[in-house]
$ cat run_2.txt   # compact mmCIF, C-alpha atoms and all ligand atoms
# COMPACT_ATOMS: atom_id res chain seq x y z
CA MET M 1 240.18 -98.43 51.68
CA ILE M 2 239.32 -98.28 55.39
CA ASP M 3 235.87 -96.93 56.33
CA THR M 4 235.26 -95.91 59.93
CA VAL M 5 232.00 -94.03 59.48
CA ASN M 6 229.28 -96.67 59.50
CA ALA M 7 228.74 -97.76 63.11
CA SER M 8 224.93 -97.60 63.28
CA ASP M 9 224.41 -101.38 62.91
CA LYS M 10 226.63 -101.94 65.94
CA ASP M 11 224.59 -99.42 67.94
CA LYS M 12 221.37 -101.18 66.93
CA ALA M 13 222.75 -104.55 68.00
CA ARG M 14 223.78 -103.04 71.35
CA PHE M 15 220.29 -101.56 71.85
CA LEU M 16 218.74 -104.92 70.94
CA ARG M 17 220.74 -106.66 73.64
CA VAL M 18 219.86 -104.06 76.27
CA PHE M 19 216.19 -104.33 75.28
CA ALA M 20 216.45 -108.14 75.32
CA PHE M 21 218.06 -108.11 78.76
CA ILE M 22 215.47 -105.77 80.33
CA GLY M 23 212.59 -107.51 78.48
CA SER M 24 213.54 -111.02 79.53
CA ILE M 25 214.28 -110.13 83.19
CA THR M 26 211.05 -108.11 83.51
CA SER M 27 208.98 -110.85 81.85
CA PHE M 28 210.37 -113.58 84.11
CA LEU M 29 209.89 -111.46 87.26
CA MET M 30 206.33 -110.56 86.21
CA ALA M 31 205.64 -114.23 85.43
CA ILE M 32 206.54 -115.12 89.03
CA THR M 33 204.37 -112.39 90.59
CA SER M 34 201.47 -113.17 88.21
CA TYR M 35 201.66 -116.85 89.14
CA GLN M 36 201.67 -115.97 92.83
CA ASP M 37 198.66 -113.67 92.28
CA GLY M 38 196.79 -116.51 90.59
CA TYR M 39 197.06 -115.21 86.98
CA HIS M 40 198.35 -118.49 85.59
CA ALA M 41 197.63 -117.89 81.89
CA LEU M 42 199.38 -114.53 82.11
CA SER M 43 202.39 -116.01 83.84
CA TYR M 44 202.77 -118.73 81.13
CA LEU M 45 202.58 -116.09 78.42
CA LEU M 46 205.19 -114.01 80.23
CA ILE M 47 207.52 -117.01 80.44
CA ILE M 48 207.20 -117.56 76.67
CA GLY M 49 207.75 -113.82 76.15
CA GLY M 50 210.80 -113.96 78.44
CA PHE M 51 212.36 -116.68 76.27
CA VAL M 52 211.62 -114.75 73.08
CA PHE M 53 213.28 -111.67 74.59
CA ALA M 54 216.30 -113.72 75.63
CA SER M 55 216.79 -115.10 72.08
CA PRO M 56 219.43 -112.54 70.92
CA PHE M 57 221.80 -114.00 73.53
CA VAL M 58 221.44 -117.46 72.00
CA ILE M 59 220.88 -116.88 68.27
CA LYS M 60 223.73 -114.95 66.64
CA ASN M 61 223.89 -112.95 63.40
CA ARG M 62 220.10 -112.73 62.93
CA ASP M 63 219.60 -109.44 64.74
CA GLU M 64 217.19 -107.91 62.19
CA THR M 65 214.82 -110.91 62.24
CA ILE M 66 215.06 -111.32 66.01
CA ALA M 67 214.33 -107.62 66.59
CA ILE M 68 211.10 -107.90 64.59
CA LEU M 69 210.21 -111.15 66.35
CA MET M 70 210.73 -109.48 69.74
CA LEU M 71 208.64 -106.50 68.71
CA TYR M 72 205.73 -108.67 67.63
CA ALA M 73 206.08 -110.74 70.81
CA LEU M 74 205.76 -107.46 72.70
CA TYR M 75 202.66 -106.55 70.67
CA SER M 76 201.09 -109.96 71.39
CA MET M 77 201.78 -109.51 75.10
CA MET M 78 200.18 -106.07 74.95
CA CYS M 79 197.05 -107.51 73.34
CA PHE M 80 196.86 -110.17 76.02
CA LEU M 81 197.40 -107.60 78.79
CA ILE M 82 194.54 -105.47 77.39
CA VAL M 83 192.13 -108.40 77.22
CA SER M 84 193.11 -109.85 80.59
CA GLY M 85 193.73 -106.53 82.34
CA GLY M 86 197.13 -107.86 83.45
CA SER M 87 197.95 -107.85 87.11
CA ASN M 88 195.18 -105.95 88.97
CA GLY M 89 194.17 -104.05 85.82
CA THR M 90 197.61 -102.46 85.32
CA GLY M 91 198.35 -104.38 82.08
CA PRO M 92 197.48 -101.56 79.62
CA LEU M 93 200.10 -99.28 81.22
CA TRP M 94 202.83 -101.32 79.50
CA LEU M 95 201.57 -99.90 76.20
CA PHE M 96 203.67 -96.81 76.84
CA ILE M 97 206.96 -98.57 76.19
CA VAL M 98 205.81 -99.73 72.74
CA SER M 99 206.23 -96.61 70.58
CA PRO M 100 209.91 -95.74 71.21
CA VAL M 101 210.90 -99.40 70.83
CA THR M 102 208.89 -99.69 67.60
CA PHE M 103 210.48 -96.64 65.99
CA PHE M 104 213.95 -97.72 66.97
CA ILE M 105 213.52 -101.20 65.50
CA ARG M 106 211.30 -100.45 62.49
CA GLY M 107 212.29 -96.89 61.57
CA LEU M 108 209.85 -94.05 60.97
CA LYS M 109 207.61 -95.27 58.13
CA ARG M 110 207.24 -98.95 58.98
CA GLY M 111 207.11 -98.06 62.68
CA ALA M 112 204.24 -95.61 62.09
CA PHE M 113 202.42 -98.27 60.04
CA ASP M 114 202.87 -100.90 62.78
CA LEU M 115 201.72 -98.51 65.51
CA ILE M 116 198.58 -97.45 63.64
CA LEU M 117 197.72 -101.12 63.12
CA LEU M 118 198.40 -101.88 66.79
CA ALA M 119 196.28 -98.88 67.91
CA ILE M 120 193.34 -100.18 65.83
CA ILE M 121 193.70 -103.71 67.23
CA ILE M 122 193.98 -102.43 70.80
CA SER M 123 190.92 -100.19 70.44
CA VAL M 124 188.93 -103.17 69.15
CA LEU M 125 190.24 -105.34 72.02
CA PHE M 126 189.32 -102.72 74.61
CA TYR M 127 185.83 -102.59 73.11
CA PHE M 128 185.36 -106.38 73.08
CA THR M 129 186.92 -106.86 76.50
CA ASP M 130 184.34 -104.50 77.85
CA GLN M 131 181.46 -105.95 75.78
CA PHE M 132 182.16 -109.58 76.60
CA GLY M 133 183.38 -108.95 80.12
CA TYR M 134 186.82 -110.65 79.79
CA TYR M 135 188.06 -107.98 82.11
CA SER M 136 186.04 -105.15 83.52
CA TYR M 137 187.90 -101.84 83.55
CA PRO M 138 186.65 -99.37 86.23
CA SER M 139 184.97 -97.18 83.61
CA TYR M 140 185.26 -96.45 79.89
CA TYR M 141 187.35 -93.42 80.90
CA PHE M 142 190.33 -95.66 81.62
CA PRO M 143 190.65 -97.27 78.14
CA THR M 144 189.88 -93.92 76.49
CA ARG M 145 192.59 -92.16 78.49
CA VAL M 146 195.06 -94.97 77.86
CA MET M 147 194.41 -94.76 74.10
CA LEU M 148 194.70 -90.98 74.14
CA CYS M 149 198.01 -91.05 76.03
CA PHE M 150 199.24 -93.87 73.79
CA SER M 151 198.41 -91.87 70.64
CA ILE M 152 200.07 -88.71 71.95
CA LEU M 153 203.16 -90.67 72.93
CA CYS M 154 203.26 -92.31 69.47
CA ILE M 155 203.08 -88.90 67.78
CA LEU M 156 205.80 -87.45 70.01
CA ALA M 157 208.00 -90.52 69.54
CA GLY M 158 207.40 -90.24 65.76
CA PHE M 159 208.56 -86.62 65.76
CA TYR M 160 211.54 -87.54 67.86
CA GLU M 161 212.43 -90.35 65.45
CA TYR M 162 211.98 -88.02 62.45
CA TYR M 163 214.37 -85.40 63.84
CA ARG M 164 216.81 -88.00 65.16
CA ASN M 165 216.90 -89.52 61.69
CA LYS M 166 217.25 -86.20 59.93
CA TYR M 167 220.06 -84.88 62.12
CA SER M 168 221.94 -88.14 62.35
CA LEU M 169 221.90 -88.34 58.52
CA GLN M 170 223.21 -84.77 58.32
CA LEU M 171 225.84 -85.61 60.90
CA MET M 172 226.91 -88.71 58.97
CA GLU M 173 227.18 -86.68 55.75
CA GLN M 174 229.27 -84.08 57.54
CA LEU M 175 231.42 -86.76 59.10
CA LYS M 176 232.02 -88.39 55.71
CA LEU M 177 232.89 -85.02 54.21
CA ASN M 178 235.31 -84.21 57.05
CA GLN M 179 236.85 -87.64 56.73
CA LYS M 180 237.27 -87.13 52.98
CA LEU M 181 238.83 -83.70 53.51
CA ALA M 182 241.20 -85.05 56.15
CA ARG M 183 242.31 -87.88 53.87
CA THR M 184 242.47 -86.18 50.51
CA ASP M 185 244.84 -83.77 48.85
CA ALA M 186 242.53 -80.91 47.87
CA MET M 187 244.23 -80.10 44.56
CA THR M 188 244.69 -83.54 43.00
CA GLU M 189 241.98 -85.35 44.99
CA LEU M 190 244.45 -88.18 45.60
CA ALA M 191 245.04 -89.62 49.08
CA ASN M 192 247.25 -87.33 51.12
CA ARG M 193 250.47 -88.48 52.76
CA ARG M 194 248.85 -89.04 56.18
CA TYR M 195 246.07 -91.24 54.80
CA ALA M 196 248.44 -93.14 52.51
CA THR M 197 250.64 -93.88 55.53
CA GLU M 198 247.56 -95.11 57.41
CA CYS M 199 246.52 -97.38 54.51
CA LEU M 200 250.03 -98.82 54.30
CA GLN M 201 249.48 -100.45 57.69
CA ASP M 202 247.04 -102.83 55.97
CA LYS M 203 248.42 -106.36 55.60
CA ARG M 204 247.76 -106.21 51.83
CA PHE M 205 250.86 -104.02 51.63
CA GLY M 206 253.17 -106.43 53.42
CA GLU M 207 255.92 -108.53 51.82
CA GLY M 208 255.83 -108.19 48.03
CA ALA M 209 254.03 -104.84 47.95
CA VAL M 210 255.53 -102.51 45.35
CA PHE M 211 256.47 -98.90 46.10
CA LEU M 212 256.61 -96.48 43.17
CA LEU M 213 258.02 -93.17 44.36
CA MET M 214 257.68 -90.56 41.60
CA ASP M 215 258.92 -87.03 41.10
CA VAL M 216 257.92 -84.67 38.29
CA ASP M 217 260.86 -83.77 36.05
CA ASN M 218 261.91 -80.14 35.71
CA PHE M 219 258.90 -78.89 37.57
CA LYS M 220 260.62 -75.72 38.71
CA GLN M 221 261.18 -74.86 35.06
CA ILE M 222 257.47 -75.51 34.30
CA ASN M 223 256.51 -73.16 37.12
CA ASP M 224 259.02 -70.55 36.04
CA THR M 225 257.96 -70.71 32.39
CA TYR M 226 254.18 -71.01 32.64
CA GLY M 227 253.42 -69.84 36.18
CA HIS M 228 252.27 -71.62 39.35
CA GLN M 229 248.67 -71.93 38.18
CA VAL M 230 249.73 -74.03 35.18
CA GLY M 231 252.12 -75.91 37.50
CA ASP M 232 249.11 -76.87 39.64
CA GLU M 233 247.19 -78.01 36.55
CA VAL M 234 250.19 -80.17 35.59
CA LEU M 235 249.98 -81.91 39.00
CA ILE M 236 246.25 -82.58 38.40
CA PHE M 237 247.12 -83.93 34.95
CA PHE M 238 249.58 -86.39 36.53
CA ALA M 239 246.95 -87.43 39.09
CA ASP M 240 244.53 -88.24 36.24
CA VAL M 241 247.16 -90.34 34.48
CA PHE M 242 247.78 -92.32 37.70
CA LYS M 243 244.06 -92.89 38.29
CA ASN M 244 243.87 -94.15 34.73
CA VAL M 245 246.56 -96.81 35.08
CA CYS M 246 245.88 -97.94 38.66
CA THR M 247 243.10 -100.00 40.19
CA GLU M 248 240.91 -99.42 43.29
CA ASP M 249 243.20 -101.70 45.29
CA ASP M 250 246.27 -99.52 44.82
CA ILE M 251 247.19 -96.56 46.99
CA ILE M 252 247.74 -93.46 44.87
CA SER M 253 248.87 -90.49 46.90
CA ARG M 254 250.39 -87.06 46.64
CA TRP M 255 253.41 -87.61 48.82
CA GLY M 256 254.25 -83.91 48.95
CA GLY M 257 254.99 -81.02 46.55
CA GLU M 258 255.69 -82.54 43.13
CA GLU M 259 256.24 -86.04 44.54
CA PHE M 260 253.73 -88.91 44.29
CA LEU M 261 253.65 -92.40 45.76
CA ILE M 262 251.80 -95.38 44.33
CA VAL M 263 251.79 -98.61 46.34
CA ILE M 264 250.60 -101.80 44.67
CA PRO M 265 249.48 -104.65 46.95
CA THR M 266 251.36 -107.87 47.53
CA GLY M 267 251.24 -110.35 44.64
CA TYR M 268 251.17 -107.84 41.78
CA GLU M 269 254.85 -107.12 41.15
CA LEU M 270 254.53 -107.71 37.42
CA ARG M 271 251.52 -105.41 37.21
CA ALA M 272 253.42 -102.78 39.19
CA ARG M 273 256.24 -102.80 36.65
CA LYS M 274 253.67 -102.49 33.87
CA VAL M 275 252.02 -99.58 35.71
CA ALA M 276 255.37 -97.75 35.73
CA GLU M 277 255.81 -98.46 32.02
CA LYS M 278 252.28 -97.35 31.22
CA ILE M 279 252.79 -94.06 33.05
CA HIS M 280 255.84 -93.22 30.93
CA LYS M 281 254.04 -94.32 27.74
CA LYS M 282 250.89 -92.32 28.48
CA LEU M 283 252.90 -89.21 29.22
CA ALA M 284 254.84 -89.67 25.98
CA ALA M 285 251.65 -90.17 23.99
CA LYS M 286 249.49 -87.45 25.54
CA PRO M 287 250.75 -83.89 25.94
CA PHE M 288 249.56 -81.64 28.73
CA THR M 289 247.30 -78.82 27.48
CA SER M 290 246.06 -75.67 29.19
CA GLY M 291 244.70 -72.76 27.15
CA GLN M 292 247.18 -72.25 24.36
CA HIS M 293 249.93 -74.09 26.22
CA LEU M 294 250.74 -77.57 24.97
CA PHE M 295 253.81 -79.48 26.08
CA HIS M 296 254.96 -82.93 27.19
CA VAL M 297 255.69 -83.61 30.85
CA THR M 298 257.67 -86.50 32.31
CA LEU M 299 258.53 -87.97 35.66
CA SER M 300 261.09 -90.26 37.20
CA ILE M 301 260.26 -93.34 39.27
CA GLY M 302 262.07 -95.28 41.95
CA LEU M 303 260.54 -98.77 42.24
CA TYR M 304 261.06 -101.05 45.23
CA VAL M 305 259.48 -104.38 46.17
CA ARG M 306 259.04 -104.82 49.92
CA VAL M 307 260.95 -107.76 51.38
CA ALA M 308 259.75 -109.67 54.47
CA ASP M 309 258.73 -107.30 57.27
CA GLU M 310 260.88 -104.33 56.28
CA SER M 311 259.67 -101.04 57.72
CA MET M 312 257.85 -98.56 55.53
CA ASP M 313 260.61 -96.01 56.07
CA HIS M 314 263.18 -98.50 54.82
CA CYS M 315 261.16 -99.22 51.65
CA LEU M 316 260.66 -95.52 50.98
CA ASN M 317 264.31 -94.85 51.58
CA ILE M 318 265.38 -97.34 48.92
CA ALA M 319 262.65 -96.19 46.52
CA ASP M 320 263.94 -92.64 47.05
CA LYS M 321 267.54 -93.69 46.28
CA ARG M 322 266.35 -95.36 43.08
CA LEU M 323 264.36 -92.26 42.20
CA TYR M 324 267.50 -90.20 42.68
CA ARG M 325 269.34 -92.57 40.33
CA ALA M 326 266.55 -92.24 37.76
CA LYS M 327 267.01 -88.45 37.94
CA SER M 328 270.78 -88.60 37.67
CA GLN M 329 270.65 -91.11 34.77
CA GLY M 330 268.70 -88.63 32.63
CA LYS M 331 265.14 -88.49 34.12
CA ASN M 332 261.91 -89.80 32.47
CA GLN M 333 262.63 -93.42 33.48
CA THR M 334 262.06 -96.03 36.16
CA VAL M 335 264.87 -97.51 38.21
CA ALA M 336 263.91 -100.83 39.73
CA GLU M 337 267.26 -102.53 40.04
CA VAL M 338 269.70 -102.85 42.88
CA ASP M 339 272.62 -100.43 42.87
CA LEU M 340 275.41 -102.97 43.41
CA ALA M 341 278.06 -100.26 43.76
CA LYS M 342 276.24 -98.88 46.80
CA HIS M 343 275.42 -102.31 48.35
CA GLU M 344 271.74 -101.45 48.22
CA PRO M 345 269.54 -104.36 49.42
CA ALA M 346 267.68 -106.32 46.74
N1 LIG K 401 252.79 -75.07 41.11
C1 LIG K 401 253.21 -75.76 42.16
N2 LIG K 401 254.54 -75.90 42.37
C2 LIG K 401 254.95 -76.63 43.41
C3 LIG K 401 254.05 -77.23 44.30
N3 LIG K 401 254.76 -77.91 45.24
C4 LIG K 401 256.07 -77.74 44.93
N4 LIG K 401 256.19 -76.97 43.84
C5 LIG K 401 257.39 -76.52 43.16
O1 LIG K 401 258.06 -77.62 42.63
C6 LIG K 401 259.41 -77.23 42.35
C7 LIG K 401 260.32 -78.38 42.58
O2 LIG K 401 261.56 -78.03 42.10
P1 LIG K 401 262.88 -78.89 42.26
O3 LIG K 401 262.83 -79.63 43.54
O4 LIG K 401 264.04 -78.03 41.98
O5 LIG K 401 262.71 -80.01 41.20
P2 LIG K 401 262.59 -79.95 39.61
O6 LIG K 401 262.62 -78.60 39.03
O7 LIG K 401 261.39 -80.77 39.28
O8 LIG K 401 263.90 -80.70 39.18
P3 LIG K 401 264.11 -82.24 39.10
O9 LIG K 401 263.40 -82.88 40.23
O10 LIG K 401 265.58 -82.45 39.20
O11 LIG K 401 263.57 -82.69 37.79
C8 LIG K 401 259.69 -76.01 43.23
O12 LIG K 401 259.86 -74.89 42.41
C9 LIG K 401 258.44 -75.88 44.07
O13 LIG K 401 258.09 -74.53 44.29
C10 LIG K 401 252.65 -77.05 44.07
O14 LIG K 401 251.78 -77.53 44.81
N5 LIG K 401 252.29 -76.32 43.00
$ encode --input "run_2.txt" --output "structure tokens"
Amino acid sequence: MIDTVNASDKDKARFLRVFAFIGSITSFLMAITSYQDGYHALSYLLIIGGFVFASPFVIKNRDETIAILMLYALYSMMCFLIVSGGSNGTGPLWLFIVSPVTFFIRGLKRGAFDLILLAIIISVLFYFTDQFGYYSYPSYYFPTRVMLCFSILCILAGFYEYYRNKYSLQLMEQLKLNQKLARTDAMTELANRRYATECLQDKRFGEGAVFLLMDVDNFKQINDTYGHQVGDEVLIFFADVFKNVCTEDDIISRWGGEEFLIVIPTGYELRARKVAEKIHKKLAAKPFTSGQHLFHVTLSIGLYVRVADESMDHCLNIADKRLYRAKSQGKNQTVAEVDLAKHEPA
């Protein structure tokens, strides 16, 4: 059946492209300015980084791998910026973009692990840069403050990711529940009429799909004799019988009141006829029970096989006429044949 809930992968792919676009443009622009400022090694690294960031626009369907590749390219650039100081000592400032990107790509746990590892590496690099004079920061205050701000930002981004995760999961659950409630008949837990109609738009239910329109026999009498509560239980009993004889591919729905509709996809006409037979047989073999009540229930079925691109209304109309004939011919039976006297289409 159709699922409209899971869109998070699409959102991630969109974010990846935005990140790739900004990353590649920024890297190429910075490469030009670095080259002009005489930082040749930095500019070459930025060009390589720019190409890595641009990769999602060239390589398709490998978003997960590319995202990780881009993240580690970003980390490598950060390490180089720390050691070299970047342009006029501003390189370490780029560290502040790392934590939100990391959590978005890697999630909370793996993101936290990556960031701790990166923080250790960066601290060591700051220390060695200073010791071996690769780049001389104005004072040790600068690296210390950068690391402090970086750590605080990582913690805040971690909290943000934690709550974002928690509430988006709750939202998804709620959305799924709402979707289920909107699609399901609360009593029988079958698809409701609206959802069944929606599913029927699927091309699997085109030419050759089989409509089984069913109506419980003498239901008013059941209600009058045993009460509405037992009547409801009888409807649930029917729903269980249908679930038992159908497959996941079929639409089983409560069409309204004591009427049900099963639609079997194209290519399974023989199985559809057997399904109708099985329903009658099961009902004959297994009585309905509730408390001390025990009695047999039956239903009548109008069966119609969809021809070419006939409208759904047309198919239901003919199935309904056949159901009516099943009722008038004595109930507890399936009518699947053309009524020649009424010039009904085949
Ligand atoms: N308990 C219960 N009864 C319902 C529900 N929906 C419809 N009904 C009852 O179903 C009965 C249908 O009665 P009729 O249309 O006369 O049909 P019938 O008695 O089954 O007669 P035939 O169709 O000719 O076999 C009515 O009494 C409705 O009140 C429901 O959700 N629960």
$ residues_near_ligand --input "run_2.txt" --ligand "ligand LIG 401 (chain K)" --cutoff "9 Å" --atoms "all atoms listed in the file" --output "PyMOL selection string"
chain M and resi 187+215-224+227-235+256-259+298-300+324+327-328+331
$ residues_around --input "run_2.txt" --residues "Lys278 of chain M" --least-positions-apart "3" --cutoff "10 Å" --atoms "only C-alpha atoms" --output "PyMOL selection string"
chain M and resi 241-242+244-246+272-275+281-284
$ write_last_selection --input "run_2.txt" --atoms "C-alpha atoms" --output "PDB file, in the frame of the given file"
ATOM      1  CA  VAL M 241     247.160 -90.340  34.480  1.00  0.00           C
ATOM      2  CA  PHE M 242     247.780 -92.320  37.700  1.00  0.00           C
ATOM      3  CA  ASN M 244     243.870 -94.150  34.730  1.00  0.00           C
ATOM      4  CA  VAL M 245     246.560 -96.810  35.080  1.00  0.00           C
ATOM      5  CA  CYS M 246     245.880 -97.940  38.660  1.00  0.00           C
ATOM      6  CA  ALA M 272     253.420-102.780  39.190  1.00  0.00           C
ATOM      7  CA  ARG M 273     256.240-102.800  36.650  1.00  0.00           C
ATOM      8  CA  LYS M 274     253.670-102.490  33.870  1.00  0.00           C
ATOM      9  CA  VAL M 275     252.020 -99.580  35.710  1.00  0.00           C
ATOM     10  CA  LYS M 281     254.040 -94.320  27.740  1.00  0.00           C
ATOM     11  CA  LYS M 282     250.890 -92.320  28.480  1.00  0.00           C
ATOM     12  CA  LEU M 283     252.900 -89.210  29.220  1.00  0.00           C
ATOM     13  CA  ALA M 284     254.840 -89.670  25.980  1.00  0.00           C
TER      14      ALA M 284
END
$ residues_around --input "run_2.txt" --residues "Arg183 of chain M" --least-positions-apart "6" --cutoff "12 Å" --atoms "all atoms listed in the file" --output "CSV table (one decimal) with C-alpha atoms, in the frame of the given file"
chain,number,residue,atom,x,y,z
M,1,MET,CA,240.2,-98.4,51.7
M,2,ILE,CA,239.3,-98.3,55.4
M,3,ASP,CA,235.9,-96.9,56.3
M,176,LYS,CA,232.0,-88.4,55.7
M,177,LEU,CA,232.9,-85.0,54.2
M,189,GLU,CA,242.0,-85.4,45.0
M,190,LEU,CA,244.4,-88.2,45.6
M,191,ALA,CA,245.0,-89.6,49.1
M,192,ASN,CA,247.2,-87.3,51.1
M,193,ARG,CA,250.5,-88.5,52.8
M,194,ARG,CA,248.8,-89.0,56.2
M,195,TYR,CA,246.1,-91.2,54.8
M,196,ALA,CA,248.4,-93.1,52.5
M,197,THR,CA,250.6,-93.9,55.5
M,198,GLU,CA,247.6,-95.1,57.4
M,199,CYS,CA,246.5,-97.4,54.5
M,252,ILE,CA,247.7,-93.5,44.9
M,253,SER,CA,248.9,-90.5,46.9
M,254,ARG,CA,250.4,-87.1,46.6
$ atom_distance --input "run_2.txt" --atom1 "atom CA of Ala31 of chain M" --atom2 "atom CA of Ile68 of chain M"
22.5 Å
$ atom_distance --input "run_2.txt" --atom1 "atom CA of Asn332 of chain M" --atom2 "atom CA of His280 of chain M"
7.1 Å
$ closest_residue --input "run_2.txt" --among "M:Val263, M:Ala285, M:Ala157, M:Val338" --to "Met312 of chain M" --atoms "all atoms listed in the file"
M:Val263
$ axis_aligned_box --input "run_2.txt" --around "segment 24-31 of chain M" --padding-each-side "4 Å" --output "AutoDock Vina command-line options"
--center_x 210.0 --center_y -111.2 --center_z 83.4 --size_x 16.6 --size_y 14.1 --size_z 15.7
$ decode --input "run_2.txt" --residues "segment 90-109 of chain M" --atoms "N, CA and C atoms" --output "PDB file, in the first residue's frame"
ATOM      1  N   THR M  90      43.377  33.221  10.100  1.00  0.00           N
ATOM      2  CA  THR M  90      41.930  33.090  10.353  1.00  0.00           C
ATOM      3  C   THR M  90      41.425  31.659  10.140  1.00  0.00           C
ATOM      4  N   GLY M  91      42.319  30.761   9.707  1.00  0.00           N
ATOM      5  CA  GLY M  91      41.931  29.368   9.395  1.00  0.00           C
ATOM      6  C   GLY M  91      41.117  28.675  10.476  1.00  0.00           C
ATOM      7  N   PRO M  92      41.550  28.726  11.754  1.00  0.00           N
ATOM      8  CA  PRO M  92      40.831  27.975  12.797  1.00  0.00           C
ATOM      9  C   PRO M  92      39.370  28.396  12.973  1.00  0.00           C
ATOM     10  N   LEU M  93      39.010  29.602  12.500  1.00  0.00           N
ATOM     11  CA  LEU M  93      37.628  30.060  12.679  1.00  0.00           C
ATOM     12  C   LEU M  93      36.627  29.166  11.939  1.00  0.00           C
ATOM     13  N   TRP M  94      37.120  28.511  10.859  1.00  0.00           N
ATOM     14  CA  TRP M  94      36.230  27.628  10.083  1.00  0.00           C
ATOM     15  C   TRP M  94      35.773  26.409  10.876  1.00  0.00           C
ATOM     16  N   LEU M  95      36.478  26.162  12.007  1.00  0.00           N
ATOM     17  CA  LEU M  95      36.096  25.023  12.853  1.00  0.00           C
ATOM     18  C   LEU M  95      34.632  25.091  13.293  1.00  0.00           C
ATOM     19  N   PHE M  96      34.107  26.328  13.371  1.00  0.00           N
ATOM     20  CA  PHE M  96      32.764  26.478  13.936  1.00  0.00           C
ATOM     21  C   PHE M  96      31.644  25.940  13.049  1.00  0.00           C
ATOM     22  N   ILE M  97      31.962  25.683  11.784  1.00  0.00           N
ATOM     23  CA  ILE M  97      30.887  25.111  10.939  1.00  0.00           C
ATOM     24  C   ILE M  97      30.832  23.576  11.064  1.00  0.00           C
ATOM     25  N   VAL M  98      31.891  23.009  11.710  1.00  0.00           N
ATOM     26  CA  VAL M  98      32.028  21.548  11.680  1.00  0.00           C
ATOM     27  C   VAL M  98      30.927  20.800  12.452  1.00  0.00           C
ATOM     28  N   SER M  99      30.621  21.281  13.687  1.00  0.00           N
ATOM     29  CA  SER M  99      29.731  20.455  14.521  1.00  0.00           C
ATOM     30  C   SER M  99      28.309  20.291  13.969  1.00  0.00           C
ATOM     31  N   PRO M 100      27.627  21.367  13.514  1.00  0.00           N
ATOM     32  CA  PRO M 100      26.272  21.118  12.995  1.00  0.00           C
ATOM     33  C   PRO M 100      26.271  20.195  11.778  1.00  0.00           C
ATOM     34  N   VAL M 101      27.289  20.387  10.905  1.00  0.00           N
ATOM     35  CA  VAL M 101      27.364  19.543   9.700  1.00  0.00           C
ATOM     36  C   VAL M 101      27.587  18.086  10.111  1.00  0.00           C
ATOM     37  N   THR M 102      28.489  17.872  11.084  1.00  0.00           N
ATOM     38  CA  THR M 102      28.793  16.510  11.522  1.00  0.00           C
ATOM     39  C   THR M 102      27.540  15.810  12.051  1.00  0.00           C
ATOM     40  N   PHE M 103      26.800  16.500  12.935  1.00  0.00           N
ATOM     41  CA  PHE M 103      25.619  15.852  13.510  1.00  0.00           C
ATOM     42  C   PHE M 103      24.572  15.572  12.441  1.00  0.00           C
ATOM     43  N   PHE M 104      24.437  16.465  11.499  1.00  0.00           N
ATOM     44  CA  PHE M 104      23.427  16.239  10.468  1.00  0.00           C
ATOM     45  C   PHE M 104      23.777  15.013   9.628  1.00  0.00           C
ATOM     46  N   ILE M 105      25.070  14.882   9.297  1.00  0.00           N
ATOM     47  CA  ILE M 105      25.468  13.778   8.412  1.00  0.00           C
ATOM     48  C   ILE M 105      25.602  12.460   9.184  1.00  0.00           C
ATOM     49  N   ARG M 106      26.204  12.531  10.394  1.00  0.00           N
ATOM     50  CA  ARG M 106      26.536  11.294  11.102  1.00  0.00           C
ATOM     51  C   ARG M 106      25.536  10.898  12.182  1.00  0.00           C
ATOM     52  N   GLY M 107      24.599  11.789  12.512  1.00  0.00           N
ATOM     53  CA  GLY M 107      23.682  11.485  13.614  1.00  0.00           C
ATOM     54  C   GLY M 107      24.373  11.766  14.949  1.00  0.00           C
ATOM     55  N   LEU M 108      23.624  11.526  16.040  1.00  0.00           N
ATOM     56  CA  LEU M 108      24.109  11.950  17.355  1.00  0.00           C
ATOM     57  C   LEU M 108      25.332  11.157  17.839  1.00  0.00           C
ATOM     58  N   LYS M 109      25.201   9.811  17.845  1.00  0.00           N
ATOM     59  CA  LYS M 109      26.274   9.006  18.465  1.00  0.00           C
ATOM     60  C   LYS M 109      27.567   9.040  17.653  1.00  0.00           C
TER      61      LYS M 109
END
